[in-house]
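First comes the structure, then the notes that go with it.
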Amino acid sequence: MTTSESRPTTAPAWGLLFAIAGAKLAVHLALANRYGYFRDELYFLDCGRNLAWGYVDAAPAIGLYAKVALLLGGSLPVLRGIAALAGAAVVLLTGLLAWRLGGSRAAQGLAAVAALATPIFLAIAGLFSMNVFEPLFWTGCACVLVRLADGASPRLWLLFGLLAGLALLNKHSTAFFGVAVFAGLLLSPMRRSLATRWPWAGAGVALLVFLPNLLWQAAKGFPTLEDLRNVARTGKNVVLGPGEFFLQQVLQQGPHLLPLWLGGLAWLLFARRGRYRALGSAFAVFFVLMFAMKAKAYYLTPIFPIVLAAGAVGLDELLERRRRLAGRAWPRLAATAFVVIPTLPVAPLVLPLLDPPEYVAYTERLGFEPPKAEVAHDGPLPQIFGDQFGWPELVADVAAVWNGLTPEERSRGAIFANNYGEAGAINLFGPAHGLPPAISAHQNHFFWGPRGFRGDVLVVLQDDRESLERLCASVEAVAWHRHPWGMAEENGVIWVCRGLMTPLPELWPELKHWN
């Protein structure tokens, strides 16, 4: 069977798009070493040291990314450099999506600039995590859907399935993106494709790519589902009402970009006789789905390049329809300036441009308090910055306690961290102080176990005397860690516990902490 694909009438603006993506890359590379390692980055490095087909709270790809970073030295510039490359690729791909939608060079440039200047994209591309890769895969899927809507060979569903499978290996939330896309197909003219074998073959490819992680989950008793149930049961995340949820999207994307992405949604739903309605409907369904599931507000972020690209195309077409503006450069330049300039005063809120005292003073002048995503996280800085402070100092304090033990106690001792950030910090910075690897029962550290240690002497972080006295014959508060800019939860006593009443291997299942 042959198909006739409708192709864009303009060429990709490669030079312009690479220049904008290069600017994005340069910004993040310049700031890569400005603060310190983020809590999750420390954990992901541990995942990279222990490659597997899955982790309690993450799909397997993040361990592979981290392994690459470790092979390149594992430094902060290396980690953030990988994230910056992914962020720049999102900018490039957003511009190319605008081209696939039929956008002119100006529309492609505006779409790319919007992806660069959106505050939440500035924030996530500054940290090494699966979040910076997620929009890359989703926007790639969108490009394939546009080609299919334009009449390309239905065999492209196999490419869609490959990208979706890789996206699932990056982050499990892609499953909900898949649900939204399926609903979008049903609500659009593309529903006819579901009567053919190719979309289902694409789904089969995605499942096949994802299968190793699925088998790992089954072998481990589906720990990710248990972790998610624990999060819901304990009320870990801040739950937003419908108005608050929408407002968070407006703030994260930038209030000035609201007309662009809402216009993009409308364009996808109604322009070109609904040819691209599947994408617009998928966006709307995903929005409602995330709210209904009480997801964190930023979970919607990876789907926004789709509506930003469409909004840029729609705006350019609107300008072309107005006779006095058609073909003129200044309206496009004005639109680009409107996208960039309002982002400038917001940039210090999402990028490490200011020293902490200056950041606090800046937010006080603005009268702005960054919203929280998790209930328990408190500190003078928002979590995205606060979790980058205090880790080397914490390890130095632990080292002082560890070196205060007798040689005989150190030979039988271990360092027990109550969360993966502490464990990751000790594993990264500890060797320089002569510290052994940390043990922890938090998240995937639980699977890595007590490393043969029985629990004769434990240096314990972030716990309380009452809990420890139920487990140990002797509990001593030896030191106090505090960092003025770190998260408040990390400020506390460092304990030394002796005489664990139950051998640690037997006690280990009871210590499991997935949340």
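For the structure tokens, the naming scheme is as follows: chains receive sequential letters (A, B, ...) according to their order of presentation, residues are indexed from 1 within each chain, and ligands are indexed from 1 in presentation order.
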
Non-local contacts of Leu42 (chain A) (7 Å; only C-alpha atoms; under 3 positions in same chain excluded) as a ChimeraX atom specification: /A:37-39,45-46,421,424-425

Selection near Thr301 (chain A), 10 Å with only C-alpha atoms, sequence-local residues under 5 positions removed, as a list in words: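 Skipping anything fewer than 5 positions along the chain leaves Ile120, Phe121, Ile124, Asn131, Val132, Glu134, Pro135, Gln249, Gln252 and Gln253 of chain A.
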
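CA of Glu5 (chain A) sits 29.3 Å away from CA of Arg322 (chain A).
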
Who sits within 9 Å of region 353-368 of chain A, only C-alpha atoms, same chain under 2 positions skipped, as a ChimeraX atom specification: /A:31,34-35,347-351,370,380-381,385,485

Next, the residues of the selection above should be written as a compact mmCIF listing (two decimals), in the first residue's frame with all heavy atoms.
# COMPACT_ATOMS: atom_id res chain seq x y z
N LEU A 31 26.05 27.65 34.45
CA LEU A 31 25.56 27.60 35.83
C LEU A 31 25.69 26.22 36.45
O LEU A 31 25.25 26.01 37.58
CB LEU A 31 24.09 28.04 35.86
CG LEU A 31 23.81 29.48 35.41
CD1 LEU A 31 22.30 29.72 35.31
CD2 LEU A 31 24.44 30.48 36.36
N ARG A 34 27.27 26.03 39.92
CA ARG A 34 26.98 27.22 40.75
C ARG A 34 26.67 26.85 42.19
O ARG A 34 27.18 27.47 43.12
CB ARG A 34 25.82 27.98 40.12
CG ARG A 34 25.45 29.27 40.81
CD ARG A 34 26.43 30.38 40.49
NE ARG A 34 25.93 31.64 40.99
CZ ARG A 34 26.10 32.11 42.21
NH1 ARG A 34 26.78 31.39 43.08
NH2 ARG A 34 25.61 33.27 42.58
N TYR A 35 25.82 25.87 42.40
CA TYR A 35 25.51 25.40 43.76
C TYR A 35 26.16 24.03 43.95
O TYR A 35 27.33 23.86 43.63
CB TYR A 35 24.00 25.33 43.99
CG TYR A 35 23.28 26.67 44.06
CD1 TYR A 35 21.89 26.74 44.01
CD2 TYR A 35 23.98 27.88 44.18
CE1 TYR A 35 21.22 27.95 44.08
CE2 TYR A 35 23.32 29.09 44.24
CZ TYR A 35 21.93 29.12 44.19
OH TYR A 35 21.26 30.32 44.26
N ALA A 347 13.85 34.46 35.99
CA ALA A 347 15.00 33.56 35.87
C ALA A 347 15.71 33.32 37.21
O ALA A 347 16.08 32.17 37.51
CB ALA A 347 15.97 34.10 34.83
N PRO A 348 15.93 34.34 38.05
CA PRO A 348 16.60 34.07 39.33
C PRO A 348 15.81 33.16 40.27
O PRO A 348 16.37 32.63 41.23
CB PRO A 348 16.77 35.47 39.95
CG PRO A 348 16.72 36.40 38.80
CD PRO A 348 15.75 35.80 37.84
N LEU A 349 14.51 32.99 39.99
CA LEU A 349 13.70 32.10 40.82
C LEU A 349 13.87 30.64 40.44
O LEU A 349 13.55 29.75 41.23
CB LEU A 349 12.21 32.48 40.72
CG LEU A 349 11.83 33.90 41.13
CD1 LEU A 349 10.35 34.14 40.89
CD2 LEU A 349 12.18 34.15 42.60
N VAL A 350 14.36 30.37 39.23
CA VAL A 350 14.45 28.99 38.75
C VAL A 350 15.87 28.60 38.35
O VAL A 350 16.12 27.42 38.09
CB VAL A 350 13.49 28.77 37.56
CG1 VAL A 350 12.05 28.89 38.02
CG2 VAL A 350 13.77 29.74 36.42
N LEU A 351 16.78 29.54 38.29
CA LEU A 351 18.17 29.26 37.96
C LEU A 351 19.07 29.73 39.10
O LEU A 351 18.75 30.73 39.77
CB LEU A 351 18.58 29.98 36.66
CG LEU A 351 17.95 29.49 35.37
CD1 LEU A 351 18.31 30.44 34.22
CD2 LEU A 351 18.38 28.07 35.04
N PRO A 370 7.78 30.68 46.65
CA PRO A 370 7.63 29.54 45.75
C PRO A 370 6.73 28.47 46.36
O PRO A 370 6.86 28.14 47.55
CB PRO A 370 9.07 29.03 45.58
CG PRO A 370 9.93 30.20 45.91
CD PRO A 370 9.18 30.96 46.96
N PRO A 380 14.86 27.73 54.16
CA PRO A 380 14.88 29.13 53.72
C PRO A 380 14.83 29.26 52.20
O PRO A 380 14.47 30.31 51.68
CB PRO A 380 16.20 29.66 54.27
CG PRO A 380 17.06 28.44 54.45
CD PRO A 380 16.12 27.33 54.81
N LEU A 381 15.20 28.20 51.47
CA LEU A 381 15.17 28.19 50.02
C LEU A 381 14.14 27.17 49.55
O LEU A 381 13.85 26.20 50.27
CB LEU A 381 16.54 27.82 49.45
CG LEU A 381 17.72 28.72 49.82
CD1 LEU A 381 19.02 28.11 49.28
CD2 LEU A 381 17.53 30.12 49.28
N PHE A 385 16.46 24.41 45.22
CA PHE A 385 17.77 24.98 45.58
C PHE A 385 18.24 24.47 46.94
O PHE A 385 19.42 24.15 47.11
CB PHE A 385 17.69 26.50 45.60
CG PHE A 385 17.47 27.12 44.25
CD1 PHE A 385 16.71 28.27 44.11
CD2 PHE A 385 18.01 26.55 43.11
CE1 PHE A 385 16.50 28.85 42.86
CE2 PHE A 385 17.81 27.11 41.86
CZ PHE A 385 17.05 28.26 41.74
N TRP A 485 21.41 26.92 54.76
CA TRP A 485 20.64 27.00 53.51
C TRP A 485 20.11 25.66 53.04
O TRP A 485 19.38 25.59 52.05
CB TRP A 485 21.50 27.64 52.41
CG TRP A 485 21.97 29.00 52.79
CD1 TRP A 485 23.25 29.40 53.06
CD2 TRP A 485 21.15 30.16 52.99
NE1 TRP A 485 23.28 30.72 53.40
CE2 TRP A 485 22.01 31.22 53.38
CE3 TRP A 485 19.78 30.42 52.90
CZ2 TRP A 485 21.54 32.50 53.65
CZ3 TRP A 485 19.30 31.70 53.18
CH2 TRP A 485 20.18 32.71 53.55

Neighbour list for Gln443 (chain A) as a count of residues only, cut-off 8 Å, only C-alpha atoms, skip fewer than 4 positions in-chain: 9

Region 305-318 of chain A environment, 6 Å, only C-alpha atoms, sequence neighbours closer than 4 positions dropped, as a list of chain:residue names: A:Thr94, A:Ala98, A:Gly103, A:Ala107, A:Leu110, A:Ala111, A:Leu260, A:Trp261, A:Gly263, A:Gly264, A:Leu265

How would the residues just picked look written out with N, CA, C and O atoms as a short mmCIF file (atom, residue, chain, number, x, y, z; two decimals), in the first residue's frame?
data_model
loop_
_atom_site.label_atom_id
_atom_site.label_comp_id
_atom_site.auth_asym_id
_atom_site.auth_seq_id
_atom_site.Cartn_x
_atom_site.Cartn_y
_atom_site.Cartn_z
N THR A 94 11.18 21.12 19.71
CA THR A 94 9.97 21.94 19.72
C THR A 94 9.88 22.78 18.46
O THR A 94 8.81 22.92 17.85
N ALA A 98 7.07 22.51 15.35
CA ALA A 98 6.38 23.63 14.70
C ALA A 98 6.53 23.54 13.18
O ALA A 98 5.59 23.82 12.43
N GLY A 103 4.66 25.29 10.19
CA GLY A 103 5.08 26.61 10.61
C GLY A 103 6.21 27.17 9.77
O GLY A 103 7.09 26.44 9.31
N ALA A 107 7.76 30.98 12.89
CA ALA A 107 7.02 30.15 13.84
C ALA A 107 7.95 29.15 14.51
O ALA A 107 7.84 28.90 15.73
N LEU A 110 9.98 31.03 17.08
CA LEU A 110 9.19 31.41 18.24
C LEU A 110 8.93 30.20 19.14
O LEU A 110 9.00 30.30 20.38
N ALA A 111 8.63 29.05 18.53
CA ALA A 111 8.40 27.84 19.31
C ALA A 111 9.65 27.46 20.10
O ALA A 111 9.57 27.11 21.29
N LEU A 260 -0.16 31.86 24.54
CA LEU A 260 0.49 31.06 23.51
C LEU A 260 0.08 29.60 23.60
O LEU A 260 -0.31 28.99 22.59
N TRP A 261 0.14 29.01 24.81
CA TRP A 261 -0.17 27.59 24.87
C TRP A 261 -1.67 27.32 24.86
O TRP A 261 -2.10 26.28 24.32
N GLY A 263 -3.72 29.19 23.09
CA GLY A 263 -3.97 29.34 21.66
C GLY A 263 -3.51 28.12 20.89
O GLY A 263 -4.16 27.69 19.92
N GLY A 264 -2.38 27.53 21.31
CA GLY A 264 -1.89 26.32 20.67
C GLY A 264 -2.85 25.16 20.85
O GLY A 264 -3.08 24.37 19.92
N LEU A 265 -3.43 25.05 22.04
CA LEU A 265 -4.42 24.00 22.28
C LEU A 265 -5.62 24.18 21.35
O LEU A 265 -6.10 23.22 20.72
#

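With only C-alpha atoms as the atoms that count, the residue of A:Ala11, A:Val460, A:Val339, A:Leu289 with the shortest distance to Asp397 (chain A) is A:Val460.
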
All residues 8 Å or closer to Leu76 (chain A), only C-alpha atoms, same chain fewer than 4 positions away omitted, as a list in words: Ala32, Asn33, Gly36, Tyr37 and Arg80 of chain A

Selection file, C-alpha atoms, as a PDB file, in the first residue's frame:
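Saved to out_25.pdb:
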ATOM      1  CA  ALA A  32      26.283  23.880  36.151  1.00  0.00           C
ATOM      2  CA  ASN A  33      28.673  24.233  39.093  1.00  0.00           C
ATOM      3  CA  GLY A  36      25.986  21.731  44.698  1.00  0.00           C
ATOM      4  CA  TYR A  37      24.597  18.291  43.990  1.00  0.00           C
ATOM      5  CA  ARG A  80      24.469  18.997  34.563  1.00  0.00           C
TER       6      ARG A  80
END

DSSP-assigned alpha helix (DSSP H) members of region 316-362 of chain A, reported as a ChimeraX atom specification: /A:316-321,330-340,347-350,356-362

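Atom pair CA of His28 (chain A) / CA of Ala84 (chain A): separated by 5.7 Å.
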
Proximity to Phe389 (chain A) - best of A:Ala488, A:Ala86, A:Leu187, A:Cys497, only C-alpha atoms: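 For Phe389 (chain A), the nearest of the candidates is A:Ala488.
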